[in-house]
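> This is work30.txt (compact mmCIF, C-alpha atoms and all ligand atoms).
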# COMPACT_ATOMS: atom_id res chain seq x y z
CA MET A 1 -6.38 21.43 14.52
CA ARG A 2 -7.43 17.83 13.76
CA GLU A 3 -4.48 15.79 14.94
CA ARG A 4 -4.07 12.07 14.31
CA VAL A 5 -1.12 10.16 15.68
CA ILE A 6 -0.16 7.81 12.88
CA GLY A 7 2.04 4.74 13.14
CA ALA A 8 3.74 3.21 10.13
CA ALA A 9 4.46 -0.41 11.06
CA GLN A 10 7.23 -1.59 8.75
CA MET A 11 7.59 -5.37 8.77
CA GLY A 12 10.74 -7.33 8.27
CA PRO A 13 10.85 -10.40 6.06
CA ILE A 14 8.26 -13.17 6.20
CA GLN A 15 9.56 -16.53 5.07
CA LYS A 16 7.54 -19.02 3.02
CA SER A 17 7.42 -21.32 6.04
CA ASP A 18 6.09 -18.67 8.48
CA SER A 19 2.50 -19.25 9.59
CA ARG A 20 -0.14 -16.50 9.65
CA GLU A 21 -0.21 -16.88 13.45
CA VAL A 22 3.51 -16.09 13.77
CA VAL A 23 3.13 -13.07 11.50
CA VAL A 24 0.08 -11.79 13.41
CA SER A 25 2.01 -12.05 16.69
CA ARG A 26 4.63 -9.69 15.18
CA MET A 27 1.86 -7.34 14.06
CA LEU A 28 0.42 -7.40 17.60
CA SER A 29 3.76 -6.42 19.05
CA LEU A 30 3.99 -3.44 16.64
CA LEU A 31 0.39 -2.53 17.55
CA ASP A 32 1.19 -2.57 21.28
CA GLN A 33 4.19 -0.31 20.70
CA ALA A 34 2.00 2.03 18.65
CA ALA A 35 -0.65 2.18 21.37
CA ASP A 36 2.07 2.92 23.97
CA GLN A 37 3.18 5.83 21.80
CA GLY A 38 -0.35 7.23 21.55
CA CYS A 39 -1.16 6.22 17.96
CA ASP A 40 -4.79 6.16 16.87
CA LEU A 41 -4.04 4.62 13.45
CA VAL A 42 -1.47 2.01 12.40
CA VAL A 43 -0.64 1.16 8.78
CA TYR A 44 0.98 -2.17 7.83
CA PRO A 45 2.45 -3.29 4.46
CA GLU A 46 1.03 -4.90 1.32
CA LEU A 47 0.43 -8.68 1.66
CA ALA A 48 1.27 -8.30 5.34
CA LEU A 49 0.26 -11.83 6.35
CA THR A 50 2.54 -13.86 4.06
CA THR A 51 5.78 -13.85 2.18
CA PHE A 52 5.65 -12.00 -1.16
CA PHE A 53 4.44 -15.18 -2.90
CA PRO A 54 4.22 -13.66 -6.45
CA ARG A 55 7.98 -14.21 -6.71
CA TRP A 56 7.22 -17.96 -6.92
CA TYR A 57 5.90 -19.59 -10.10
CA MET A 58 2.99 -21.92 -9.30
CA GLU A 59 0.55 -23.88 -11.50
CA ASP A 60 -1.49 -25.73 -8.87
CA GLN A 61 -4.55 -23.57 -8.09
CA SER A 62 -5.02 -25.10 -4.62
CA GLU A 63 -1.41 -24.22 -3.78
CA ILE A 64 -2.01 -20.68 -5.07
CA ASP A 65 -5.25 -20.34 -3.12
CA GLY A 66 -3.37 -21.29 0.05
CA TRP A 67 -1.83 -17.80 0.04
CA PHE A 68 -5.26 -16.12 -0.03
CA GLU A 69 -7.75 -15.20 2.73
CA ARG A 70 -11.37 -16.24 2.14
CA GLU A 71 -12.74 -13.96 4.85
CA MET A 72 -11.56 -10.99 6.86
CA PRO A 73 -11.27 -11.11 9.77
CA ASN A 74 -10.58 -14.84 10.00
CA ALA A 75 -9.28 -17.10 12.75
CA ALA A 76 -5.65 -16.03 12.24
CA THR A 77 -6.32 -12.28 12.08
CA GLN A 78 -9.12 -11.98 14.66
CA PRO A 79 -6.57 -11.33 17.48
CA LEU A 80 -5.32 -8.30 15.54
CA PHE A 81 -8.84 -6.86 15.25
CA ASP A 82 -9.51 -7.62 18.95
CA ARG A 83 -6.29 -5.96 20.13
CA ALA A 84 -6.85 -2.94 17.88
CA ARG A 85 -10.35 -2.51 19.35
CA ALA A 86 -8.98 -2.90 22.89
CA HIS A 87 -6.39 -0.18 22.23
CA GLY A 88 -8.87 2.02 20.33
CA VAL A 89 -6.51 2.06 17.34
CA ALA A 90 -7.65 1.97 13.71
CA ILE A 91 -5.60 -0.30 11.44
CA SER A 92 -4.94 -0.80 7.73
CA PHE A 93 -3.16 -3.77 6.19
CA GLY A 94 -2.83 -5.64 2.92
CA TYR A 95 -3.63 -9.27 2.14
CA ALA A 96 -4.47 -11.57 -0.75
CA GLU A 97 -8.26 -11.79 -1.03
CA LEU A 98 -10.20 -14.74 -2.49
CA THR A 99 -13.86 -13.73 -2.81
CA PRO A 100 -16.83 -16.11 -2.44
CA GLU A 101 -17.29 -15.77 -6.24
CA GLY A 102 -13.71 -17.01 -6.81
CA HIS A 103 -12.03 -13.69 -7.64
CA HIS A 104 -8.43 -13.06 -6.59
CA PHE A 105 -7.36 -9.57 -5.54
CA ASN A 106 -4.37 -7.91 -3.92
CA ALA A 107 -6.39 -6.03 -1.31
CA SER A 108 -6.12 -3.78 1.72
CA ILE A 109 -8.63 -2.86 4.38
CA LEU A 110 -9.13 -0.01 6.80
CA THR A 111 -10.88 -0.19 10.17
CA ASP A 112 -12.25 2.41 12.52
CA ARG A 113 -11.03 2.58 16.14
CA GLN A 114 -13.63 -0.02 17.16
CA GLY A 115 -12.23 -2.64 14.79
CA HIS A 116 -15.00 -2.42 12.17
CA ILE A 117 -13.88 -2.59 8.54
CA VAL A 118 -14.89 0.76 7.04
CA GLY A 119 -12.94 0.68 3.78
CA LYS A 120 -11.53 -1.76 1.25
CA TYR A 121 -9.23 -1.28 -1.73
CA ARG A 122 -8.16 -3.73 -4.45
CA LYS A 123 -4.89 -3.05 -6.25
CA VAL A 124 -5.41 -1.53 -9.69
CA HIS A 125 -1.89 -1.29 -11.18
CA LEU A 126 -0.61 -4.87 -11.11
CA PRO A 127 3.08 -5.04 -12.08
CA GLY A 128 4.98 -7.97 -13.52
CA HIS A 129 3.91 -10.75 -15.86
CA VAL A 130 1.68 -13.81 -16.31
CA GLU A 131 4.02 -16.56 -17.48
CA TYR A 132 7.41 -17.74 -16.22
CA ASP A 133 10.05 -15.34 -17.56
CA ALA A 134 13.51 -16.90 -17.76
CA ALA A 135 15.05 -13.55 -18.77
CA ARG A 136 14.42 -12.09 -15.30
CA ASP A 137 16.71 -12.62 -12.30
CA PHE A 138 13.56 -13.48 -10.30
CA GLN A 139 9.85 -13.65 -11.01
CA HIS A 140 7.15 -11.06 -10.29
CA LEU A 141 3.90 -12.87 -11.09
CA GLU A 142 1.25 -10.49 -9.78
CA LYS A 143 -0.46 -10.47 -13.19
CA ARG A 144 -0.72 -14.28 -12.94
CA TYR A 145 -2.26 -14.48 -9.48
CA PHE A 146 -4.41 -11.33 -9.20
CA GLU A 147 -7.14 -9.62 -11.19
CA PRO A 148 -7.02 -5.81 -11.47
CA GLY A 149 -9.00 -4.23 -8.66
CA ASP A 150 -12.65 -3.40 -9.33
CA LEU A 151 -13.30 -0.84 -6.60
CA GLY A 152 -11.47 2.19 -7.98
CA PHE A 153 -9.78 4.65 -5.62
CA GLU A 154 -12.53 5.31 -3.10
CA THR A 155 -12.09 7.55 -0.08
CA PHE A 156 -13.59 6.95 3.34
CA ASP A 157 -14.58 9.35 6.09
CA ASN A 158 -13.00 7.57 9.05
CA GLU A 159 -13.36 9.36 12.39
CA GLY A 160 -13.43 12.77 10.72
CA THR A 161 -10.48 12.22 8.34
CA LEU A 162 -10.91 11.53 4.63
CA MET A 163 -8.74 8.48 3.98
CA GLY A 164 -7.79 6.56 0.85
CA MET A 165 -5.64 3.55 0.05
CA CYS A 166 -3.50 2.29 -2.77
CA ILE A 167 -0.98 -0.54 -2.93
CA CYS A 168 2.70 -0.60 -3.88
CA ASN A 169 3.02 -0.12 -7.64
CA ASP A 170 -0.05 2.18 -7.57
CA ARG A 171 2.10 4.83 -5.86
CA ARG A 172 4.14 5.32 -9.04
CA TRP A 173 1.07 6.44 -11.04
CA PRO A 174 -0.05 10.09 -10.68
CA GLU A 175 -3.58 9.05 -11.68
CA THR A 176 -3.87 7.10 -8.41
CA TRP A 177 -3.19 10.19 -6.34
CA ARG A 178 -5.24 12.62 -8.42
CA VAL A 179 -8.39 10.46 -8.36
CA MET A 180 -8.22 10.55 -4.56
CA GLY A 181 -7.12 14.19 -4.57
CA LEU A 182 -10.27 15.05 -6.53
CA GLN A 183 -12.27 13.64 -3.60
CA GLY A 184 -10.40 15.90 -1.17
CA VAL A 185 -8.36 13.09 0.37
CA GLU A 186 -6.41 14.03 3.52
CA LEU A 187 -4.49 10.80 4.16
CA VAL A 188 -3.31 8.19 1.64
CA MET A 189 -2.14 4.88 3.10
CA LEU A 190 -0.14 2.37 1.13
CA GLY A 191 1.95 -0.70 1.71
CA TYR A 192 4.58 -2.19 -0.55
CA ASN A 193 6.87 -5.14 -1.28
CA THR A 194 9.55 -3.67 -3.52
CA PRO A 195 12.55 -5.81 -4.49
CA SER A 196 15.83 -4.02 -3.68
CA VAL A 197 17.11 -4.72 -7.17
CA ASN A 198 15.49 -4.55 -10.60
CA SER A 199 15.03 -8.09 -11.96
CA GLN A 200 15.42 -6.73 -15.52
CA ASN A 201 18.25 -4.24 -14.93
CA ARG A 202 21.11 -5.16 -12.61
CA GLY A 203 22.36 -1.57 -12.81
CA GLU A 204 19.37 -0.39 -10.78
CA GLY A 205 20.02 -1.08 -7.10
CA LEU A 206 18.81 -0.09 -3.67
CA SER A 207 19.57 3.64 -3.72
CA GLU A 208 17.75 4.16 -7.03
CA ARG A 209 14.79 2.04 -5.87
CA LEU A 210 14.49 3.98 -2.60
CA TYR A 211 14.70 7.27 -4.49
CA HIS A 212 11.94 6.34 -6.95
CA SER A 213 9.66 5.26 -4.12
CA GLU A 214 10.19 8.43 -2.11
CA LEU A 215 9.89 10.59 -5.22
CA SER A 216 6.51 9.01 -6.05
CA VAL A 217 5.06 9.36 -2.55
CA THR A 218 6.34 12.87 -1.83
CA ALA A 219 5.15 14.10 -5.24
CA GLY A 220 1.73 12.50 -4.79
CA ALA A 221 1.34 14.02 -1.33
CA TYR A 222 2.50 17.51 -2.42
CA GLN A 223 0.50 17.68 -5.65
CA ASN A 224 -2.69 16.69 -3.85
CA ALA A 225 -2.00 18.43 -0.51
CA THR A 226 -2.47 15.24 1.48
CA TRP A 227 -0.68 13.33 4.20
CA ALA A 228 0.76 10.02 3.00
CA VAL A 229 2.04 6.91 4.76
CA ALA A 230 4.08 4.41 2.74
CA VAL A 231 4.99 1.20 4.56
CA ALA A 232 7.44 -1.48 3.47
CA LYS A 233 7.73 -5.17 3.97
CA ALA A 234 11.51 -5.36 3.89
CA GLY A 235 14.53 -7.59 4.30
CA LEU A 236 15.60 -10.95 2.96
CA GLU A 237 12.62 -13.21 2.16
CA ASP A 238 13.86 -16.70 1.30
CA GLY A 239 17.02 -15.17 -0.18
CA PHE A 240 15.31 -12.33 -2.09
CA PRO A 241 15.88 -8.78 -0.79
CA LEU A 242 13.04 -6.28 -0.32
CA MET A 243 13.84 -2.63 0.36
CA GLY A 244 12.77 -0.67 3.46
CA GLY A 245 12.27 3.09 3.14
CA THR A 246 9.01 3.43 5.08
CA ILE A 247 8.01 7.10 5.32
CA ILE A 248 5.33 9.45 6.62
CA VAL A 249 4.97 12.51 4.39
CA ASP A 250 3.27 15.84 5.11
CA PRO A 251 0.94 17.71 2.70
CA ASP A 252 3.86 19.87 1.51
CA GLY A 253 5.67 16.74 0.35
CA PHE A 254 8.25 16.62 3.14
CA VAL A 255 9.21 13.39 4.92
CA VAL A 256 8.45 13.78 8.64
CA ALA A 257 9.43 10.26 9.77
CA ARG A 258 11.37 7.41 8.22
CA THR A 259 12.59 3.95 9.21
CA THR A 260 16.28 3.20 9.44
CA GLY A 261 16.44 -0.59 8.98
CA GLU A 262 14.83 -3.50 7.18
CA GLY A 263 13.19 -5.26 10.13
CA ASP A 264 9.98 -4.83 12.14
CA GLU A 265 10.10 -1.13 13.01
CA LEU A 266 7.48 1.39 14.07
CA ILE A 267 7.69 5.08 13.22
CA THR A 268 5.11 7.64 14.30
CA ALA A 269 4.09 11.20 13.52
CA HIS A 270 1.59 13.70 14.89
CA CYS A 271 -0.34 14.71 11.78
CA ASP A 272 -2.71 17.69 11.74
CA MET A 273 -5.25 17.03 8.99
CA ASP A 274 -6.07 20.75 8.81
CA ARG A 275 -2.61 21.29 7.28
CA CYS A 276 -4.05 19.93 4.02
CA GLN A 277 -6.21 23.02 3.67
CA PHE A 278 -3.49 25.46 2.66
CA GLY A 279 -2.43 23.56 -0.47
CA LYS A 280 -5.99 22.59 -1.30
CA THR A 281 -7.12 26.24 -1.27
CA THR A 282 -4.10 27.82 -2.97
CA ILE A 283 -1.74 26.31 -5.55
CA PHE A 284 -3.70 23.02 -5.76
CA ASP A 285 -7.19 24.48 -5.58
CA PHE A 286 -8.38 22.15 -8.30
CA ALA A 287 -11.70 23.93 -8.94
CA ARG A 288 -9.88 27.18 -9.82
CA HIS A 289 -6.80 25.90 -11.62
CA ARG A 290 -7.39 22.57 -13.39
CA ARG A 291 -7.90 22.73 -17.19
CA VAL A 292 -9.81 19.54 -17.91
CA GLU A 293 -10.33 20.51 -21.56
CA HIS A 294 -6.68 19.51 -22.08
CA TYR A 295 -6.73 16.24 -20.12
CA GLY A 296 -8.88 14.08 -22.41
CA ARG A 297 -6.03 11.72 -23.31
CA ILE A 298 -5.70 10.70 -19.68
CA THR A 299 -8.89 8.65 -19.87
CA SER A 300 -9.41 8.12 -23.62
CA GLN A 301 -5.97 6.67 -24.36
CA THR A 302 -3.90 4.01 -22.54
CA GLY A 303 -0.55 3.68 -24.34
CA VAL A 304 1.59 6.22 -26.15
CA GLU A 305 0.24 7.39 -29.52
CA ARG A 306 1.75 9.88 -31.97
N1 LIG A 401 4.50 -5.23 -5.10
C1 LIG A 401 4.76 -4.37 -6.09
O1 LIG A 401 3.86 -3.81 -6.68
N2 LIG A 401 6.06 -4.19 -6.40
C2 LIG A 401 6.45 -3.37 -7.49
C3 LIG A 401 7.69 -3.92 -8.09
C4 LIG A 401 7.74 -3.57 -9.50
S1 LIG A 401 8.92 -4.49 -10.37
C5 LIG A 401 7.99 -5.65 -11.22
C6 LIG A 401 6.69 -1.91 -7.11
O2 LIG A 401 6.22 -1.04 -7.84
O3 LIG A 401 7.38 -1.63 -6.15
Mind turning the file's structure into structure tokens?

Amino acid sequence: MRERVIGAAQMGPIQKSDSREVVVSRMLSLLDQAADQGCDLVVYPELALTTFFPRWYMEDQSEIDGWFEREMPNAATQPLFDRARAHGVAISFGYAELTPEGHHFNASILTDRQGHIVGKYRKVHLPGHVEYDAARDFQHLEKRYFEPGDLGFETFDNEGTLMGMCICNDRRWPETWRVMGLQGVELVMLGYNTPSVNSQNRGEGLSERLYHSELSVTAGAYQNATWAVAVAKAGLEDGFPLMGGTIIVDPDGFVVARTTGEGDELITAHCDMDRCQFGKTTIFDFARHRRVEHYGRITSQTGVER
């Protein structure tokens, strides 16, 4: 038995006017609750430090860069790292990263229980569009503000558990999960900001959006025999609704904990990493059952071809 007590720290809305310091104080409160409940790892959402700024069209690069972090930790987030170290709790959270070379990524990091960054991921599957799109009910400009991640889907041995990360839209792509599954991943952590309605299809509302999210995460966990934690930033951000639906999923694809609201809310689960072994050595024993001679299109072809 290799048990980890995992906290999924859903965050309620962050308004455009909210400072990083105010947001970090909310993250500290969730961290304290998690420590009280015995967690040794806490996972926060995508772009956890700011509002979901890609819904806003901007042209001024200095305004855009104001949403990005140039170093991690920095003055605003250092208290989070300090408190995590004091509690002996590992953390993972998402933020907009501006590198010293001037590259812009939608990133997430993972620490060990001493507050050292031991893993980084940069979002690969960027949804949305580059230019203002008047046909949409609201904008989703991730392709304008971020470059596709350049780190792939690495996994990290963190305190004896093989962990990987992805971010939001990545969860909908089976390739994301399988690349980590092929490394023997035991825990996939992801955060998301998912609008409660489809900006291009008013017929698709909250229940469909929640279903698609849960379907993606439970399928990814089951098909790769891994634990998964999917954490929302939710609620009404400057008038735009984001869905909740934070879940912790076991390696058989079953939800073991879920949030009930759209505010700051912690859920926890006792997760035995050894439970991954059954699936990994039976129905999803990749070495015995995969037929790579038939999978060539997966990497040689991007779009649909007849
Ligand atoms: N943040 C993020 O990736 N959100 C997307 C919305 C897709 S609609 C353009 C998601 O997959 O949830």
> As an exercise, work out the distance from atom CA of Ser213 of chain A to atom C5 of ligand LIG 401 (chain A) in Å and give it to one decimal place.
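Computed distance, atom CA of Ser213 of chain A to atom C5 of ligand LIG 401 (chain A), equals 13.1 Å.
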> List every residue of chain A that has an atom at most 9 Å from any atom of ligand LIG 401 (chain A), giving for each one its closest atom pair and the distance in Å to one decimal, counting only C-alpha atoms and all ligand atoms, sorted by chain and then by ascending residue number, as a tab-separated table.

residue	atom	partner	partner_atom	distance
A:Glu46	CA	A:LIG401	N1	7.3
A:Leu47	CA	A:LIG401	N1	8.6
A:Phe52	CA	A:LIG401	N1	7.9
A:Pro54	CA	A:LIG401	N1	8.5
A:Lys123	CA	A:LIG401	O1	8.8
A:His125	CA	A:LIG401	O1	7.7
A:Leu126	CA	A:LIG401	O1	6.4
A:Pro127	CA	A:LIG401	C5	5.0
A:Gly128	CA	A:LIG401	C5	4.4
A:His129	CA	A:LIG401	C5	8.0
A:Gln139	CA	A:LIG401	C5	8.2
A:His140	CA	A:LIG401	C5	5.6
A:Leu141	CA	A:LIG401	C5	8.3
A:Glu142	CA	A:LIG401	N1	7.8
A:Ile167	CA	A:LIG401	O1	6.9
A:Cys168	CA	A:LIG401	O1	4.4
A:Asn169	CA	A:LIG401	O2	3.3
A:Asp170	CA	A:LIG401	O2	7.1
A:Arg171	CA	A:LIG401	O2	7.4
A:Arg172	CA	A:LIG401	O2	6.8
A:Gly191	CA	A:LIG401	N1	8.6
A:Tyr192	CA	A:LIG401	N1	5.5
A:Asn193	CA	A:LIG401	N1	4.5
A:Thr194	CA	A:LIG401	O3	4.0
A:Pro195	CA	A:LIG401	C3	6.3
A:Val197	CA	A:LIG401	S1	8.8
A:Asn198	CA	A:LIG401	S1	6.6
A:Ser199	CA	A:LIG401	S1	7.3
A:Gln200	CA	A:LIG401	S1	8.6
A:Arg209	CA	A:LIG401	O3	8.3
A:Ser213	CA	A:LIG401	O3	7.5
> I'd like to know which of A:Gln183, A:Gln15, A:Gln223, A:Thr77 is closest to Gly253 of chain A, using all atoms listed in the file.
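Distance minimum relative to Gly253 of chain A lands on A:Gln223.
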> Would you pick out the contacts of segment 273-290 of chain A at 6 Å or less, using all atoms listed in the file, so that residues sharing its chain but fewer than 3 positions from it are not included, and give the list as number ranges by chain?
A: 1-2, 225-226, 251
> What is the atom CA of Glu154 of chain A-atom CA of Glu265 of chain A distance in Å, reported with one decimal?
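Between these atoms lies a distance of 28.5 Å.
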> Would you mind telling me which residue in A:Gly94, A:Pro174, A:Pro241, A:Gly115 lies nearest to Asn158 of chain A when using all atoms listed in the file?
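When distances to Asn158 of chain A are compared using all atoms listed in the file, the smallest one comes from A:Gly115.
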> Please, what distance in Å, to one decimal, runs between atom CA of Val231 of chain A and atom CA of Leu266 of chain A?
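Between these atoms lies a distance of 9.8 Å.
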> Please provide as a PyMOL selection string all residues within 7 Å of Leu187 of chain A, with the sequence filter that same-chain residues fewer than 5 positions apart are discarded (counting all atoms listed in the file).
chain A and resi 162-164+226-228
> Nearest to Thr50 of chain A: which of A:Ala84, A:Tyr95, A:Asp112, A:Gln33 is it, counting all atoms listed in the file?
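Selected residue with least distance to Thr50 of chain A: A:Tyr95.
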> Ranking A:His116, A:Gly38, A:Leu236, A:Arg297 by minimum distance to Ile267 of chain A and counting all atoms listed in the file, which one comes first?
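Closest candidate: A:Gly38.
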> Excluding Ser92 of chain A and its own-chain neighbours fewer than 2 positions away, which residues fall within 12 Å of it when counting all atoms listed in the file? Please give them as an mmCIF file with C-alpha atoms, in the frame of the given file.

data_model
loop_
_atom_site.group_PDB
_atom_site.id
_atom_site.type_symbol
_atom_site.label_atom_id
_atom_site.label_comp_id
_atom_site.auth_asym_id
_atom_site.auth_seq_id
_atom_site.Cartn_x
_atom_site.Cartn_y
_atom_site.Cartn_z
ATOM 1 C CA ILE A 6 -0.160 7.810 12.880
ATOM 2 C CA GLY A 7 2.040 4.740 13.140
ATOM 3 C CA ALA A 8 3.740 3.210 10.130
ATOM 4 C CA ALA A 9 4.460 -0.410 11.060
ATOM 5 C CA MET A 27 1.860 -7.340 14.060
ATOM 6 C CA LEU A 31 0.390 -2.530 17.550
ATOM 7 C CA ASP A 40 -4.790 6.160 16.870
ATOM 8 C CA LEU A 41 -4.040 4.620 13.450
ATOM 9 C CA VAL A 42 -1.470 2.010 12.400
ATOM 10 C CA VAL A 43 -0.640 1.160 8.780
ATOM 11 C CA TYR A 44 0.980 -2.170 7.830
ATOM 12 C CA PRO A 45 2.450 -3.290 4.460
ATOM 13 C CA GLU A 46 1.030 -4.900 1.320
ATOM 14 C CA LEU A 47 0.430 -8.680 1.660
ATOM 15 C CA ALA A 48 1.270 -8.300 5.340
ATOM 16 C CA LEU A 80 -5.320 -8.300 15.540
ATOM 17 C CA PHE A 81 -8.840 -6.860 15.250
ATOM 18 C CA ALA A 84 -6.850 -2.940 17.880
ATOM 19 C CA VAL A 89 -6.510 2.060 17.340
ATOM 20 C CA ALA A 90 -7.650 1.970 13.710
ATOM 21 C CA GLY A 94 -2.830 -5.640 2.920
ATOM 22 C CA TYR A 95 -3.630 -9.270 2.140
ATOM 23 C CA ALA A 107 -6.390 -6.030 -1.310
ATOM 24 C CA SER A 108 -6.120 -3.780 1.720
ATOM 25 C CA ILE A 109 -8.630 -2.860 4.380
ATOM 26 C CA LEU A 110 -9.130 -0.010 6.800
ATOM 27 C CA THR A 111 -10.880 -0.190 10.170
ATOM 28 C CA ASP A 112 -12.250 2.410 12.520
ATOM 29 C CA ARG A 113 -11.030 2.580 16.140
ATOM 30 C CA GLY A 115 -12.230 -2.640 14.790
ATOM 31 C CA HIS A 116 -15.000 -2.420 12.170
ATOM 32 C CA ILE A 117 -13.880 -2.590 8.540
ATOM 33 C CA VAL A 118 -14.890 0.760 7.040
ATOM 34 C CA GLY A 119 -12.940 0.680 3.780
ATOM 35 C CA LYS A 120 -11.530 -1.760 1.250
ATOM 36 C CA TYR A 121 -9.230 -1.280 -1.730
ATOM 37 C CA ASN A 158 -13.000 7.570 9.050
ATOM 38 C CA MET A 163 -8.740 8.480 3.980
ATOM 39 C CA GLY A 164 -7.790 6.560 0.850
ATOM 40 C CA MET A 165 -5.640 3.550 0.050
ATOM 41 C CA CYS A 166 -3.500 2.290 -2.770
ATOM 42 C CA ILE A 167 -0.980 -0.540 -2.930
ATOM 43 C CA VAL A 188 -3.310 8.190 1.640
ATOM 44 C CA MET A 189 -2.140 4.880 3.100
ATOM 45 C CA LEU A 190 -0.140 2.370 1.130
ATOM 46 C CA GLY A 191 1.950 -0.700 1.710
ATOM 47 C CA VAL A 229 2.040 6.910 4.760
ATOM 48 C CA ALA A 230 4.080 4.410 2.740
ATOM 49 C CA VAL A 231 4.990 1.200 4.560
#
> List the spatial neighbours of Ile247 of chain A as a VMD selection string - criterion: any atom at most 10 Å away, only C-alpha atoms, same-chain residues fewer than 2 positions off excluded.
chain A and resid 8 10 213 to 214 217 to 218 228 to 232 244 to 245 249 to 250 254 to 259 267 to 269
> Pick out the closest residue to Ala219 of chain A from this set: A:Thr246, A:Thr176, A:Thr302, A:Thr51. Count all atoms listed in the file.
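Result for the nearest residue to Ala219 of chain A: A:Thr176.
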> Counting all atoms listed in the file, select every polymer residue within 9 Å of (-5.3, -7.3, -12.4) as defined in the file's coordinates, and provide the selection as a PyMOL selection string.
chain A and resi 104-106+123-127+142-150
> Residues at most 10 Å from Asp82 of chain A, counting only C-alpha atoms, excluding those fewer than 4 positions away in the same chain, as a PDB file with C-alpha atoms, in the coordinates of the input?

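Written out: part_25.pdb:
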ATOM      1  CA  PRO A  73     -11.270 -11.110   9.770  1.00  0.00           C
ATOM      2  CA  THR A  77      -6.320 -12.280  12.080  1.00  0.00           C
ATOM      3  CA  GLN A  78      -9.120 -11.980  14.660  1.00  0.00           C
ATOM      4  CA  ALA A  86      -8.980  -2.900  22.890  1.00  0.00           C
ATOM      5  CA  HIS A  87      -6.390  -0.180  22.230  1.00  0.00           C
ATOM      6  CA  GLY A  88      -8.870   2.020  20.330  1.00  0.00           C
ATOM      7  CA  GLN A 114     -13.630  -0.020  17.160  1.00  0.00           C
ATOM      8  CA  GLY A 115     -12.230  -2.640  14.790  1.00  0.00           C
TER       9      GLY A 115
END
> Work out where the centre of an axis-aligned box around every listed atom of segment 282-291 of chain A lies and how long its edges are once 5 Å is added on each side; give both in Å to one decimal as lines of an AutoDock Vina configuration file.

center_x = -6.7
center_y = 25.0
center_z = -10.1
size_x = 20.0
size_y = 15.7
size_z = 24.2
> Just write segment 259-302 of chain A with C-alpha atoms, as a CSV table (one decimal), in the first residue's frame, taken from the block above.

chain,number,residue,atom,x,y,z
A,259,THR,CA,-17.2,19.2,-5.4
A,260,THR,CA,-20.8,20.3,-5.0
A,261,GLY,CA,-20.6,24.1,-5.7
A,262,GLU,CA,-18.8,26.7,-7.8
A,263,GLY,CA,-16.8,28.4,-5.1
A,264,ASP,CA,-13.5,27.8,-3.2
A,265,GLU,CA,-14.0,24.1,-2.1
A,266,LEU,CA,-11.6,21.4,-1.0
A,267,ILE,CA,-12.3,17.7,-1.6
A,268,THR,CA,-9.9,15.0,-0.5
A,269,ALA,CA,-9.3,11.3,-1.1
A,270,HIS,CA,-7.0,8.6,0.3
A,271,CYS,CA,-5.4,7.2,-2.8
A,272,ASP,CA,-3.4,4.0,-2.8
A,273,MET,CA,-1.0,4.2,-5.7
A,274,ASP,CA,-0.6,0.4,-5.7
A,275,ARG,CA,-4.2,0.2,-7.0
A,276,CYS,CA,-2.8,1.1,-10.4
A,277,GLN,CA,-1.0,-2.2,-10.7
A,278,PHE,CA,-4.0,-4.4,-11.4
A,279,GLY,CA,-5.0,-2.5,-14.6
A,280,LYS,CA,-1.4,-2.0,-15.7
A,281,THR,CA,-0.7,-5.8,-15.5
A,282,THR,CA,-4.0,-7.1,-16.9
A,283,ILE,CA,-6.3,-5.5,-19.4
A,284,PHE,CA,-4.0,-2.4,-20.0
A,285,ASP,CA,-0.7,-4.3,-19.9
A,286,PHE,CA,0.6,-2.3,-22.8
A,287,ALA,CA,3.6,-4.4,-23.5
A,288,ARG,CA,1.4,-7.5,-24.1
A,289,HIS,CA,-1.6,-6.0,-25.8
A,290,ARG,CA,-0.8,-2.9,-27.8
A,291,ARG,CA,-0.5,-3.3,-31.6
A,292,VAL,CA,1.7,-0.4,-32.6
A,293,GLU,CA,1.9,-1.6,-36.2
A,294,HIS,CA,-1.7,-0.2,-36.6
A,295,TYR,CA,-1.1,3.1,-34.9
A,296,GLY,CA,1.1,4.9,-37.4
A,297,ARG,CA,-1.5,7.5,-38.3
A,298,ILE,CA,-1.5,8.7,-34.7
A,299,THR,CA,1.8,10.4,-35.2
A,300,SER,CA,2.2,10.7,-39.0
A,301,GLN,CA,-1.1,12.4,-39.7
A,302,THR,CA,-2.7,15.4,-37.9
